Amino acid sequence: MNRITNHQLYRLIVAHFAEIIREPSVIFWGVVFPILMAWGLGIAFTQKGGVQAKLAVVRKTDSTNPNRETKLITWLSANTQKKDSVYTITLKNEKLGDATLSFVETSSSNAFTLLKKGKVSVIIEDQINGSEYRFDPANAEAKAAYHLAADLEAHGPQFYTENQSQIEPLTLSGTRYVDFLIPGLLAMGIMMACSWGISYTIIDRRSKKLLRRMVATPMKKSNLLFALITARFTMNLAEAILLFLFSWIYFGVKIQGSLPALIVLFIAANIAFSGIAILISSRTANTEVGNGMINAIVTPMMVVSGVFFSYHNFPDWAIPAIQYLPLTMITDTFRSIFNEGAGFMDVWREALVLTTTGVASFVIGLKIFKWY
Amino acid sequence: MSDSEFIVEVRQVKKSFKDVQAVKGVNLKIKPGEFVALLGPNGAGKTTLVEMIEGIQHPDEGEIFIAGKQWKHHQHELHQMIGLSLQETRFMDKLTAYETMRLFASFYKLNSHRVDEVFKLIGLDEKKKAYVDNLSGGQRQRLALGVALLNKPKILLLDEPTTGLDPNARREIWNILLDLKKTHNTSLILTSHYMEEAEYLCDRIIIMDQGNILGEGTLQEILALGGGHRSLDELFISLTGRHLYE
């Protein structure tokens with residue numbers, strides 16, 4: 001036992017691990033923050049049915065007959081409750097979830113102010129013979145509000161409550177937003193932890209001359225990097241387990257595919273990003289430069305790799321390139337294991353590509369590595 | 001071949017960085033147990049010379065022998081016999097002083113007994129459990145010195161070990177080094193801005209400026225250079241036209 005505890009590799013792993021767990025902010029950003037993010041986004045995007053639409057109504061009367069009532073306001077006055085210039089109606093549907101529409105009666109100029117502030121998504125010009133709808137067609141929320149209001153005006157509240165038998169809500173495990181989100185968060189966690197936990201640590205220690213001090217001893221250089229990666233991997237594993245446990249207990253997220261395949265892919269993902277982290281940090285001793293380099297690598301992947309929303313919204317020509325990014329590959333494969341029941345034979349190619357990427361980056365990084 | 005009487009031999013060593021010639025053909029011999037100070041202002045070439053002796057930099061020309069061995073062929077053996085403390089090294093903030101020492105001890109395959117001995121030597125026993133980022137500047141420097149002494153080095157290279165420390169902390173470091181001189185046969189190469197450090201600790205003083213050795217000898221010998229000066233500071237101004245701290 002004494003021989004093990006005196007061994008430089010053991011001491012290096014213990015030292016790096018101690019550095020991680022003794023820093024409260026590391027625990028917050030590594031463990032608590034991903035759980036909070038999963039909770040917040042999971043709640044926001046998986047609440048049942050529940051549509052809330054706010055629309056501004058501007059009365060457009062005929063100048064020759066200003067007292068004549070307009071069509072929508074007349075209908076709203078008769079069929080909804082009014083409070084402080086706001087007409088509210090709740091449309092009931094058990095399968096779709098309730099839809100609450102709030103019509104704010106206001107002037108034309110104020111309606112545009114409300115739209116710019118995001119307090120309403122549609123402006124209705126209410127005229128004697130019917131309404132005109134003004135909204136941004138690219139805004140899905142505004143489009144949904146328009147359809148609800150227009151159908152309400154045309155057909156009355158029954159349009160929403162009818163034909164419930166045609167609808168079969170999907171409650172299958174793996175089809176909710178949170179099922180989509182959790183594998184993405186696990187993948188992103190590995191990328192962020194390796195990039196900052198390995199790259200930044202190396203650059204910081206180089207800038208403080210600690211690397212130089214260490215290599216002036218009989219320490220094996222490979223032991224230092226191996227220990228750093230091992231400590232980071234252990235933390236990544238703990239962080240991933242805690243995030244999964246939370247999502248399993250709170251949201252009922254399940255691993256439908258093979259657990260060994262998930263473990264293999266998790267290891268491959270860590271190898272990939274550890275190798276990339278060594279490559280990023282191989283030269284610079286300036287933490288500002290290192291900061292920029294890490295951001296230049298992780299930010300584009302975080303945006304395009306489909307962690308939060310599908311990357312299929314990007315143009316078709318960009319999709320093949322996006323699919324081969326390491327983070328996309330990890331996210332897609334995690335999702336196939338979590339939600340589609342994928343097994344080892346479905347993911348071995350991705351695991352191999354990720355491992356090769358990591359090993360190649362590590363070897364190149366080590367070749368050009370500056371110890372001081 | 002090197003002369004075995006000397007633990008360090010530097011022969012006609014030159015080193016340049018881009019357009020700057022940092023060391024211009026320096027010769028230096030140090031005996032076992034001898035304490036030598038390299039004095040000079042910033043840019044004098046003393047850190048580059050020490051880094052070449054440490055094996056961190058390689059000379060463009062000339063040869064360096066340590067105990068008759070060269071870095072190129074005996075890296076592992078030379079690492080075992082050298083102890084060093086670099087200018088402004090920061091250890092890991094969230095390790096305790098003891099853990100830091102254990103970490104470095106493991107590189108030399110040393111156990112906790114040696115670590116305990118060194119803590120007594122540097123007088124930092126009561127701070128063993130303190131995190132490095134909670135140590136004062138003087139305590140950190142003593143820790144750095146302790147790390148340098150772990151492997152009972154034959155040569156100790158200290159690059160400005162007391163820069164930025166208050167007089168008390170500086171005196172504590174000096175006392176540790178004087179104890180070492182009495183009890184061990186360690187050679188010391190020390191770079192410094194401080195005249196009194198060189199006077200107090202070292203057997204021999206070497207004055208460097210612009211990559212050259214301007215003069216060397218015991219304190220008395222060196223003061224006699226150029227017709228007798230009352231202090232090293234005075235001598236330095238007469239040799240270089242500048243103050244040492246510039």
# chains A, B, ... in the order shown; residues from 1 in each chain; ligands from 1
>>> select_by_dssp(residues="stretch 128-318 of chain A", states="strand (DSSP E)", output="PyMOL selection string")
chain A and resi 131-134
>>> interface_residues(of="chain A", to="chain B", cutoff="10 Å", atoms="only C-alpha atoms", output="ChimeraX atom specification")
/A:2-3,5-16,18-23,205-220,371-372
>>> residues_around(residues="B:Thr240", least_positions_apart="3", cutoff="12 Å", atoms="only C-alpha atoms", output="PyMOL selection string")
chain B and resi 40-41+44+207-210+212-215+232-237+243-244+246
>>> write_last_selection(atoms="C-alpha atoms", output="compact mmCIF listing (two decimals), in the first residue's frame")
# COMPACT_ATOMS: atom_id res chain seq x y z
CA GLY B 40 23.50 41.47 -12.04
CA PRO B 41 20.63 43.71 -13.10
CA ALA B 44 22.39 40.54 -17.31
CA ILE B 207 29.14 39.97 -11.29
CA MET B 208 27.40 39.69 -14.65
CA ASP B 209 26.15 42.29 -17.07
CA GLN B 210 24.99 42.07 -20.67
CA ASN B 212 29.45 38.70 -19.67
CA ILE B 213 31.18 38.04 -16.35
CA LEU B 214 32.67 41.38 -15.30
CA GLY B 215 34.42 40.17 -12.19
CA LEU B 232 29.47 45.92 -3.83
CA ASP B 233 27.05 48.59 -4.93
CA GLU B 234 29.89 51.04 -5.45
CA LEU B 235 31.89 48.40 -7.32
CA PHE B 236 28.93 47.57 -9.50
CA ILE B 237 28.45 51.18 -10.52
CA HIS B 243 22.85 50.30 -10.17
CA LEU B 244 22.33 46.59 -9.50
CA GLU B 246 18.05 48.64 -12.48
>>> atom_distance(atom1="atom CA of B:Leu38", atom2="atom CA of B:Gly138")
21.6 Å
>>> atom_distance(atom1="atom CA of B:Pro59", atom2="atom CA of B:Ile206")
19.6 Å
>>> closest_residue(among="B:Leu124, B:Leu39, B:Ala198, B:Leu49", to="B:Lys24", atoms="only C-alpha atoms")
B:Leu49
>>> residues_around(residues="B:Leu201", least_positions_apart="4", cutoff="10 Å", atoms="only C-alpha atoms", output="JSON, numbers by chain")
{"B": [35, 36, 37, 174, 175, 177, 178, 181, 188, 190, 196, 197, 205]}
>>> write_last_selection(atoms="N, CA and C atoms", output="PDB file, in the first residue's frame")
ATOM      1  N   PHE B  35      29.351  28.058  -2.131  1.00  0.00           N
ATOM      2  CA  PHE B  35      28.166  28.900  -2.349  1.00  0.00           C
ATOM      3  C   PHE B  35      28.583  30.074  -3.243  1.00  0.00           C
ATOM      4  N   VAL B  36      27.913  30.174  -4.404  1.00  0.00           N
ATOM      5  CA  VAL B  36      28.283  31.200  -5.384  1.00  0.00           C
ATOM      6  C   VAL B  36      27.066  32.079  -5.685  1.00  0.00           C
ATOM      7  N   ALA B  37      27.306  33.375  -5.709  1.00  0.00           N
ATOM      8  CA  ALA B  37      26.221  34.309  -6.059  1.00  0.00           C
ATOM      9  C   ALA B  37      26.462  34.881  -7.444  1.00  0.00           C
ATOM     10  N   TRP B 174      17.737  32.877   4.565  1.00  0.00           N
ATOM     11  CA  TRP B 174      19.197  32.881   4.682  1.00  0.00           C
ATOM     12  C   TRP B 174      19.649  31.899   5.777  1.00  0.00           C
ATOM     13  N   ASN B 175      18.937  31.909   6.902  1.00  0.00           N
ATOM     14  CA  ASN B 175      19.329  31.015   8.008  1.00  0.00           C
ATOM     15  C   ASN B 175      19.217  29.540   7.616  1.00  0.00           C
ATOM     16  N   LEU B 177      19.607  28.398   4.623  1.00  0.00           N
ATOM     17  CA  LEU B 177      20.726  28.116   3.705  1.00  0.00           C
ATOM     18  C   LEU B 177      22.056  28.024   4.457  1.00  0.00           C
ATOM     19  N   LEU B 178      22.228  28.851   5.485  1.00  0.00           N
ATOM     20  CA  LEU B 178      23.475  28.783   6.274  1.00  0.00           C
ATOM     21  C   LEU B 178      23.561  27.463   7.039  1.00  0.00           C
ATOM     22  N   LYS B 181      24.633  24.869   4.682  1.00  0.00           N
ATOM     23  CA  LYS B 181      26.076  24.991   4.392  1.00  0.00           C
ATOM     24  C   LYS B 181      26.900  24.279   5.467  1.00  0.00           C
ATOM     25  N   LEU B 188      25.840  25.780  -3.923  1.00  0.00           N
ATOM     26  CA  LEU B 188      24.703  26.674  -4.175  1.00  0.00           C
ATOM     27  C   LEU B 188      25.062  27.675  -5.266  1.00  0.00           C
ATOM     28  N   LEU B 190      23.251  30.990  -6.654  1.00  0.00           N
ATOM     29  CA  LEU B 190      22.143  31.856  -6.287  1.00  0.00           C
ATOM     30  C   LEU B 190      22.184  33.110  -7.148  1.00  0.00           C
ATOM     31  N   GLU B 196      23.536  42.397  -0.109  1.00  0.00           N
ATOM     32  CA  GLU B 196      23.755  41.857   1.235  1.00  0.00           C
ATOM     33  C   GLU B 196      23.506  40.350   1.278  1.00  0.00           C
ATOM     34  N   GLU B 197      22.629  39.854   0.368  1.00  0.00           N
ATOM     35  CA  GLU B 197      22.368  38.412   0.293  1.00  0.00           C
ATOM     36  C   GLU B 197      23.642  37.682  -0.131  1.00  0.00           C
ATOM     37  N   ILE B 205      31.528  35.611  -5.308  1.00  0.00           N
ATOM     38  CA  ILE B 205      30.542  36.474  -5.966  1.00  0.00           C
ATOM     39  C   ILE B 205      30.956  36.676  -7.410  1.00  0.00           C
TER      40      ILE B 205
END
>>> closest_residue(among="B:Ala169, B:Leu121, B:Val50, B:Leu219", to="B:Thr191", atoms="only C-alpha atoms")
B:Val50
>>> closest_residue(among="B:Arg114, B:Lys129, B:Lys15, B:Lys31", to="B:His58", atoms="only C-alpha atoms")
B:Lys15
>>> select_by_dssp(residues="stretch 42-243 of chain B", states="alpha helix (DSSP H)", output="JSON, numbers by chain")
{"B": [46, 47, 48, 49, 50, 51, 52, 53, 54, 75, 76, 77, 78, 79, 80, 81, 97, 98, 99, 100, 101, 102, 103, 104, 105, 106, 107, 112, 113, 114, 115, 116, 117, 118, 119, 120, 121, 122, 137, 138, 139, 140, 141, 142, 143, 144, 145, 146, 147, 148, 149, 167, 168, 169, 170, 171, 172, 173, 174, 175, 176, 177, 178, 179, 180, 181, 182, 183, 195, 196, 197, 198, 199, 200, 201, 219, 220, 221, 222, 223, 224, 232, 233, 234, 235, 236, 237, 238, 239, 240]}
>>> residues_around(residues="A:Val304", least_positions_apart="2", cutoff="12 Å", atoms="only C-alpha atoms", output="PyMOL selection string")
chain A and resi 184+188+297-302+306-315+318-329+331
>>> atom_distance(atom1="atom CA of B:Glu5", atom2="atom CA of B:Gly62")
19.5 Å
>>> decode(residues="stretch 121-133 of chain B", atoms="C-alpha atoms", output="CSV table (one decimal), in the first residue's frame")
chain,number,residue,atom,x,y,z
B,121,LEU,CA,14.6,21.9,8.2
B,122,ILE,CA,12.5,24.8,6.7
B,123,GLY,CA,10.6,25.5,9.9
B,124,LEU,CA,7.2,25.1,8.4
B,125,ASP,CA,5.9,22.3,10.6
B,126,GLU,CA,3.0,24.3,11.9
B,127,LYS,CA,1.8,25.1,8.3
B,128,LYS,CA,1.8,21.6,7.0
B,129,LYS,CA,-2.0,21.5,6.7
B,130,ALA,CA,-2.4,25.0,5.3
B,131,TYR,CA,-3.4,25.4,1.7
B,132,VAL,CA,-0.7,26.9,-0.5
B,133,ASP,CA,-2.9,29.9,-1.3
